[in-house]
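> My structure file upload.txt, compact mmCIF, C-alpha atoms, is below:
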```txt
# COMPACT_ATOMS: atom_id res chain seq x y z
CA MET E 1 11.79 -51.35 34.54
CA VAL E 2 14.81 -50.56 32.54
CA GLN E 3 17.89 -51.56 34.39
CA TYR E 4 20.28 -48.74 34.95
CA SER E 5 23.83 -49.32 35.89
CA VAL E 6 24.33 -47.67 39.23
CA GLY E 7 27.72 -49.01 40.20
CA GLY E 8 30.03 -46.35 41.46
CA PHE E 9 27.46 -43.70 42.17
CA ASP E 10 28.27 -43.33 45.78
CA GLN E 11 31.94 -42.96 45.00
CA SER E 12 31.19 -40.46 42.26
CA PHE E 13 29.22 -38.18 44.46
CA GLY E 14 31.67 -38.47 47.26
CA ALA E 15 34.38 -37.61 44.82
CA LEU E 16 32.49 -34.53 43.74
CA ALA E 17 31.94 -33.31 47.27
CA ASP E 18 35.45 -31.90 47.45
CA ALA E 19 36.26 -28.49 45.99
CA THR E 20 39.75 -29.47 44.92
CA ARG E 21 38.53 -32.54 43.12
CA ARG E 22 35.86 -30.53 41.33
CA GLY E 23 38.59 -28.14 40.33
CA VAL E 24 40.70 -31.00 39.06
CA LEU E 25 37.80 -32.30 36.99
CA GLU E 26 37.21 -28.88 35.53
CA GLN E 27 40.85 -28.60 34.71
CA LEU E 28 40.93 -32.02 33.09
CA ALA E 29 37.84 -31.19 31.10
CA GLN E 30 39.94 -28.59 29.34
CA ALA E 31 43.10 -30.58 28.92
CA ASP E 32 44.82 -33.71 30.15
CA ALA E 33 47.41 -33.04 32.79
CA SER E 34 50.03 -34.88 34.78
CA ILE E 35 49.63 -35.34 38.50
CA SER E 36 52.63 -33.13 39.15
CA ALA E 37 51.19 -30.35 37.00
CA LEU E 38 47.90 -30.61 38.87
CA ALA E 39 49.71 -30.57 42.19
CA GLU E 40 51.50 -27.41 41.18
CA GLN E 41 48.37 -25.76 39.90
CA PHE E 42 46.39 -26.53 43.03
CA GLN E 43 49.34 -25.74 45.24
CA MET E 44 49.53 -29.02 47.03
CA THR E 45 51.99 -31.83 47.49
CA LEU E 46 52.34 -34.56 44.93
CA THR E 47 51.14 -37.04 47.53
CA GLY E 48 48.05 -34.95 48.25
CA MET E 49 47.17 -34.67 44.59
CA LYS E 50 47.77 -38.37 44.07
CA LYS E 51 45.15 -39.07 46.72
CA HIS E 52 42.61 -36.76 45.10
CA VAL E 53 43.21 -38.28 41.71
CA ALA E 54 42.92 -41.76 43.18
CA VAL E 55 39.47 -40.89 44.57
CA LEU E 56 38.39 -39.53 41.20
CA GLU E 57 39.81 -42.53 39.41
CA HIS E 58 38.13 -44.95 41.78
CA ALA E 59 34.84 -43.23 41.05
CA GLY E 60 35.43 -43.61 37.34
CA LEU E 61 35.45 -39.86 36.84
CA VAL E 62 39.06 -39.72 35.81
CA SER E 63 41.36 -42.17 34.12
CA THR E 64 45.10 -42.15 34.41
CA GLU E 65 47.83 -43.61 32.32
CA LYS E 66 51.48 -43.86 33.04
CA ILE E 67 53.55 -42.71 30.12
CA GLY E 68 57.22 -43.09 30.89
CA ARG E 69 57.70 -41.53 34.29
CA VAL E 70 54.70 -39.27 34.08
CA ARG E 71 51.20 -40.23 35.12
CA SER E 72 48.80 -38.45 32.84
CA CYS E 73 45.21 -37.81 33.92
CA ARG E 74 42.19 -37.35 31.75
CA ILE E 75 38.55 -36.89 32.49
CA GLY E 76 36.23 -39.86 32.41
CA ARG E 77 33.76 -37.90 30.38
CA ARG E 78 31.63 -40.81 29.46
CA GLY E 79 31.16 -41.74 33.09
CA LEU E 80 29.90 -38.31 33.92
CA GLU E 81 27.54 -38.24 31.01
CA GLU E 82 26.09 -41.58 31.90
CA GLU E 83 25.37 -40.45 35.42
CA ALA E 84 23.89 -37.18 34.29
CA ALA E 85 21.70 -39.01 31.83
CA TRP E 86 20.59 -41.44 34.49
CA ILE E 87 19.66 -38.63 36.86
CA GLU E 88 17.83 -36.86 34.10
CA ARG E 89 15.79 -39.97 33.42
CA TYR E 90 14.79 -40.05 37.05
CA ARG E 91 13.69 -36.44 37.01
CA GLN E 92 11.83 -36.96 33.80
CA LEU E 93 10.05 -40.00 35.17
CA TRP E 94 8.30 -37.99 37.84
CA ALA E 95 7.86 -34.86 35.76
CA GLU E 96 6.22 -36.90 33.01
CA ARG E 97 4.02 -38.71 35.46
CA PHE E 98 2.86 -35.48 36.97
CA ASP E 99 2.27 -33.90 33.59
CA GLU E 100 0.00 -36.81 32.71
CA LEU E 101 -1.61 -36.52 36.12
CA ASP E 102 -2.41 -32.89 35.31
CA VAL E 103 -4.31 -34.00 32.24
CA VAL E 104 -6.35 -36.53 34.21
CA VAL E 105 -7.08 -34.01 36.96
CA GLU E 106 -8.09 -31.33 34.44
CA GLU E 107 -10.66 -33.75 33.09
CA LEU E 108 -11.97 -34.38 36.58
CA LYS E 109 -12.24 -30.64 37.15
CA PHE E 110 -14.11 -30.24 33.91
CA LYS E 111 -16.46 -33.10 34.77
CA GLU E 112 -17.12 -31.69 38.21
CA LYS E 113 -18.04 -28.37 36.63
CA SER E 114 -20.32 -29.81 34.01
CA ASN E 115 -22.09 -31.84 36.63
CA GLY E 116 -23.58 -28.51 37.59
CA LYS E 117 -21.95 -28.15 40.97
CA MET N 1 -6.82 -20.29 33.94
CA GLU N 2 -9.44 -22.50 32.40
CA ASN N 3 -9.80 -21.37 28.86
CA LYS N 4 -12.04 -23.18 26.42
CA GLU N 5 -9.27 -25.26 25.01
CA THR N 6 -8.79 -27.11 28.22
CA GLY N 7 -5.40 -28.58 28.65
CA ALA N 8 -4.05 -27.31 25.36
CA THR N 9 -0.93 -25.87 26.89
CA PRO N 10 -1.25 -26.19 30.63
CA THR N 11 1.46 -24.54 32.65
CA LYS N 12 3.62 -27.21 34.14
CA ASN N 13 4.52 -26.91 37.77
CA PRO N 14 8.06 -27.84 38.73
CA THR N 15 8.88 -31.25 40.14
CA THR N 16 11.42 -31.27 42.94
CA VAL N 17 13.43 -34.16 44.26
CA GLU N 18 15.26 -34.32 47.53
CA ARG N 19 17.14 -37.06 49.27
CA LYS N 20 16.30 -36.53 52.92
CA SER N 21 18.60 -39.21 54.24
CA ASP N 22 20.38 -42.36 53.14
CA VAL N 23 17.06 -44.15 52.89
CA ASP N 24 14.53 -41.40 52.16
CA LEU N 25 13.71 -39.93 48.81
CA VAL N 26 11.09 -37.19 48.51
CA VAL N 27 9.44 -35.85 45.37
CA THR N 28 7.09 -32.86 45.44
CA ARG N 29 4.79 -31.31 42.89
CA THR N 30 1.87 -28.91 43.05
CA VAL N 31 -1.26 -29.76 41.10
CA ASP N 32 -3.72 -27.02 40.21
CA ALA N 33 -6.78 -28.72 41.60
CA ALA N 34 -8.50 -29.51 44.87
CA ALA N 35 -7.14 -32.41 46.89
CA ASN N 36 -10.21 -34.59 46.39
CA LEU N 37 -9.67 -34.59 42.63
CA VAL N 38 -5.98 -35.34 42.90
CA TYR N 39 -6.73 -38.11 45.37
CA GLU N 40 -9.28 -39.52 42.95
CA ALA N 41 -6.59 -39.74 40.27
CA TRP N 42 -4.36 -41.68 42.69
CA THR N 43 -6.98 -44.15 43.85
CA ASN N 44 -9.23 -44.86 40.90
CA PRO N 45 -7.43 -47.60 38.92
CA GLU N 46 -8.81 -46.43 35.58
CA LEU N 47 -7.45 -42.95 36.20
CA PHE N 48 -4.23 -44.06 37.90
CA ARG N 49 -3.16 -46.26 35.03
CA ARG N 50 -3.46 -43.36 32.63
CA TRP N 51 -0.75 -41.29 34.25
CA TRP N 52 1.46 -43.56 36.35
CA VAL N 53 3.23 -44.94 33.29
CA PRO N 54 3.82 -42.17 30.78
CA LYS N 55 3.85 -43.32 27.18
CA SER N 56 7.50 -42.53 26.73
CA PHE N 57 8.45 -45.30 29.18
CA GLY N 58 7.73 -47.86 26.52
CA LEU N 59 5.99 -50.10 29.00
CA ASN N 60 2.70 -51.74 28.35
CA LEU N 61 0.53 -51.78 31.45
CA LEU N 62 -1.44 -55.02 31.26
CA SER N 63 -3.41 -54.62 34.44
CA CYS N 64 -3.80 -52.25 37.34
CA ASP N 65 -5.66 -53.35 40.44
CA LEU N 66 -5.89 -51.03 43.40
CA ASP N 67 -7.85 -52.11 46.44
CA VAL N 68 -7.52 -48.80 48.24
CA ARG N 69 -8.30 -49.55 51.87
CA VAL N 70 -6.14 -50.37 54.86
CA GLY N 71 -4.72 -53.84 54.25
CA GLY N 72 -5.94 -53.85 50.65
CA GLN N 73 -3.59 -55.06 47.92
CA TYR N 74 -2.49 -53.43 44.73
CA LYS N 75 -0.84 -54.98 41.72
CA LEU N 76 0.45 -53.54 38.49
CA VAL N 77 1.50 -55.86 35.71
CA PHE N 78 3.64 -54.58 32.87
CA LEU N 79 4.87 -56.07 29.67
CA HIS N 80 8.36 -54.94 28.82
CA GLU N 81 10.21 -56.37 25.87
CA GLY N 82 8.25 -59.56 26.01
CA SER N 83 8.51 -60.27 29.71
CA LYS N 84 6.04 -59.58 32.47
CA MET N 85 6.92 -57.43 35.43
CA GLU N 86 4.82 -57.10 38.52
CA PHE N 87 4.75 -54.36 41.12
CA PHE N 88 2.71 -55.10 44.18
CA GLY N 89 2.13 -54.42 47.84
CA LYS N 90 -0.56 -53.31 50.22
CA TYR N 91 -2.01 -50.14 51.62
CA LEU N 92 -1.05 -49.40 55.19
CA GLU N 93 -2.86 -46.11 55.61
CA VAL N 94 -5.72 -44.61 53.67
CA ILE N 95 -6.96 -41.17 54.64
CA PRO N 96 -9.18 -39.87 51.85
CA ASN N 97 -7.95 -36.65 50.21
CA ALA N 98 -5.02 -36.45 52.58
CA ARG N 99 -2.70 -39.42 52.84
CA LEU N 100 -1.86 -42.80 51.33
CA VAL N 101 0.79 -45.20 52.58
CA TRP N 102 1.65 -48.39 50.77
CA THR N 103 4.35 -51.02 50.67
CA ASN N 104 6.35 -52.01 47.59
CA GLU N 105 7.08 -55.69 47.96
CA GLU N 106 8.56 -56.69 44.62
CA ALA N 107 12.17 -55.73 45.31
CA PRO N 108 14.55 -58.43 46.56
CA GLU N 109 16.33 -55.85 48.77
CA GLY N 110 13.28 -55.60 50.99
CA ASN N 111 10.09 -53.60 51.17
CA THR N 112 10.02 -49.93 50.40
CA VAL N 113 7.26 -47.85 51.94
CA THR N 114 5.71 -45.03 49.94
CA ILE N 115 3.93 -42.18 51.72
CA VAL N 116 1.89 -39.82 49.60
CA THR N 117 0.37 -36.71 51.12
CA PHE N 118 -2.14 -34.33 49.56
CA GLU N 119 -2.09 -30.84 51.06
CA GLU N 120 -4.64 -28.44 49.70
CA SER N 121 -4.12 -24.72 49.86
CA ASN N 122 -6.02 -22.05 47.92
CA GLY N 123 -7.50 -24.61 45.59
CA ARG N 124 -4.14 -26.17 44.73
CA THR N 125 -2.71 -29.39 46.06
CA LEU N 126 0.85 -29.97 47.11
CA LEU N 127 1.73 -33.60 46.47
CA THR N 128 4.58 -35.15 48.39
CA VAL N 129 5.76 -38.63 47.51
CA HIS N 130 8.12 -40.01 50.09
CA ASP N 131 9.86 -43.32 49.45
CA CYS N 132 11.43 -44.95 52.50
CA TYR N 133 13.87 -47.68 51.51
CA PRO N 134 14.91 -50.55 53.77
CA SER N 135 18.56 -49.61 53.34
CA LYS N 136 20.87 -47.14 51.70
CA GLU N 137 21.90 -49.85 49.26
CA ALA N 138 18.32 -50.54 48.32
CA LEU N 139 17.75 -46.88 47.53
CA GLU N 140 20.89 -46.63 45.48
CA SER N 141 20.23 -49.79 43.54
CA SER N 142 16.61 -49.11 42.78
CA GLY N 143 17.36 -47.65 39.39
CA SER N 144 14.02 -46.33 38.34
CA THR N 145 13.43 -44.45 41.54
CA ASN N 146 16.83 -43.29 42.47
CA ALA N 147 18.83 -40.13 42.50
CA LEU N 148 21.18 -38.35 44.78
CA PRO N 149 19.64 -34.95 44.50
CA GLU N 150 21.61 -33.03 47.08
CA THR N 151 24.58 -33.36 44.84
CA LEU N 152 22.73 -32.75 41.60
CA ASP N 153 23.33 -29.04 41.59
CA GLN N 154 26.96 -29.71 42.09
CA LEU N 155 27.02 -32.18 39.27
CA ASP N 156 24.87 -30.04 37.00
CA GLU N 157 27.12 -27.11 37.59
CA LEU N 158 30.11 -29.20 36.78
CA LEU N 159 28.56 -30.70 33.69
CA GLY N 160 27.51 -27.28 32.52
CA GLU N 161 31.08 -26.22 32.69
CA LEU N 162 32.39 -29.36 31.07
CA ARG N 163 30.14 -29.17 28.09
CA VAL N 164 31.17 -26.95 25.28
```
Using the file provided, produce a representation of the structure as structure tokens.

Amino acid sequence: MVQYSVGGFDQSFGALADATRRGVLEQLAQADASISALAEQFQMTLTGMKKHVAVLEHAGLVSTEKIGRVRSCRIGRRGLEEEAAWIERYRQLWAERFDELDVVVEELKFKEKSNGK
Amino acid sequence: MENKETGATPTKNPTTVERKSDVDLVVTRTVDAAANLVYEAWTNPELFRRWWVPKSFGLNLLSCDLDVRVGGQYKLVFLHEGSKMEFFGKYLEVIPNARLVWTNEEAPEGNTVTIVTFEESNGRTLLTVHDCYPSKEALESSGSTNALPETLDQLDELLGELRV
């Protein structure tokens, strides 16, 4: 089988389980933001937001960069797309199998009928 | 349902995926046929090989041997980019038109057990494919048969919003 990179999945999904972190991702999808701006927007302490961002960063969903005294956050868009693509492949695997199975079974149905049963 | 142009544009039933636990992955799909026909497609090697590996996978199935009886072995050999890959194991339970249980013994993480049930109702068959992995890690590293579906909606929703 094709080897898919699965590193970090568990962290990613854990990261997404939290409403604030999903909100942060949505925010970052629109524009990069500093941790302090995010903290303000989500009405939490700087320390609290740092923790959320750290979880997202650890999962590869967000990347941060310190510019001067400000830590700027941006979305790890590629990471998300890779995961979504991987999941989609999984879904497609079974859907495609079953679609082919339908064809085989239709033939069996047709055969059963023409055997005069 | 069965017009003359059989199979021209058959209505596709939805495929669902659910992760029941850390080590259990369940796929379901309804097939518009009686259970005995669906079972036939799962147990006759000539039929099985036609659908188990859809063309788009880009895998060449060299051989497909299914000795469908309790304790019987199966082996699928693929050619992928010049190298051979084997998938093998044995059948633990065989209940015609109702249930198949087999082991998957090729993975280094340990054996996965696959339970397939065929439930007929009003001429249609609900197929349930349940993979039981030896560990959470094995499930999550299995690549081709892995997803974390309970969070998919979440992720899909998010991705939908992220995409322009």
> Write out as number ranges by chain each polymer residue whose atoms come within 8 Å of stretch 100-113 of chain E, counting all atoms listed in the file; drop sequence neighbours fewer than 5 positions from it.
N: 6-7, 31-33, 37-38, 41, 47, 50-52, 54
> Would you put the residues from that selection into a file with C-alpha atoms, as a PDB file, in the coordinates of the input?

```pdb
ATOM      1  CA  THR N   6      -8.790 -27.110  28.220  1.00  0.00           C
ATOM      2  CA  GLY N   7      -5.400 -28.580  28.650  1.00  0.00           C
ATOM      3  CA  VAL N  31      -1.260 -29.760  41.100  1.00  0.00           C
ATOM      4  CA  ASP N  32      -3.720 -27.020  40.210  1.00  0.00           C
ATOM      5  CA  ALA N  33      -6.780 -28.720  41.600  1.00  0.00           C
ATOM      6  CA  LEU N  37      -9.670 -34.590  42.630  1.00  0.00           C
ATOM      7  CA  VAL N  38      -5.980 -35.340  42.900  1.00  0.00           C
ATOM      8  CA  ALA N  41      -6.590 -39.740  40.270  1.00  0.00           C
ATOM      9  CA  LEU N  47      -7.450 -42.950  36.200  1.00  0.00           C
ATOM     10  CA  ARG N  50      -3.460 -43.360  32.630  1.00  0.00           C
ATOM     11  CA  TRP N  51      -0.750 -41.290  34.250  1.00  0.00           C
ATOM     12  CA  TRP N  52       1.460 -43.560  36.350  1.00  0.00           C
ATOM     13  CA  PRO N  54       3.820 -42.170  30.780  1.00  0.00           C
TER      14      PRO N  54
END
```
> Would you pick out the contacts of N:Arg99 at 7 Å or less, using all atoms listed in the file, so that residues sharing its chain but fewer than 5 positions from it are not included, and give the list as a VMD selection string?
chain N and resid 94 116 to 118
> From the list N:Glu46, N:Glu120, N:Asp65, N:Glu105, which residue is nearest chain E when using all atoms listed in the file?
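Answer, going by the shortest atom-to-atom distance: N:Glu46.
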> Kindly give the distance, in Å, that separates atom CA of E:Ala17 and atom CA of N:Thr112, rounded to a single decimal.
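Computing the Euclidean distance for atom CA of E:Ala17 and atom CA of N:Thr112 yields 27.7 Å.
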> Could you check how far atom CA of N:Ser135 sits from atom CA of N:Tyr39, in Å to one decimal?
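Separation of atom CA of N:Ser135 and atom CA of N:Tyr39: 28.9 Å.
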> Figure out the distance between atom CA of E:Ser72 and atom CA of E:Ala33, please, to one decimal in Å.
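Calculated distance between atom CA of E:Ala33 and atom CA of E:Ser72 is 5.6 Å.
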> Just the residues within 7 Å of N:Thr103, please, counting only C-alpha atoms, with nothing from its chain fewer than 5 positions along; format it as a list in words.
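Selected residues are Gly89, Lys90, Tyr91, Asn111, Thr112, Val113 and Thr114 of chain N.
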> When you look at N:Gly82 with a cut-off of 12 Å (counting all atoms listed in the file), what residues show up, excluding the ones that are within fewer than 4 positions of it in the same chain? I need them as a list in words.
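Answer for this query is Gly58, Leu59, Asn60, Leu62 and Phe78 of chain N.
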> For E:Gly76, please output as a VMD selection string all residues within 8 Å (counting only C-alpha atoms; exclusion window: fewer than 5 positions along the same chain).
chain E and resid 60 to 63
> Rank nothing, just name the residue among E:Ile67, E:Leu46, E:Ala54, E:Leu93 nearest to chain N, using all atoms listed in the file.
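Closest residue, counting all atoms listed in the file: E:Leu93.
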> Restricting the calculation to all atoms listed in the file, which member of N:His80, N:Lys20, N:Asn104, N:Val70 is positioned closest to N:Leu92?
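Nearest candidate to N:Leu92 out of N:His80, N:Lys20, N:Asn104, N:Val70: N:Val70.
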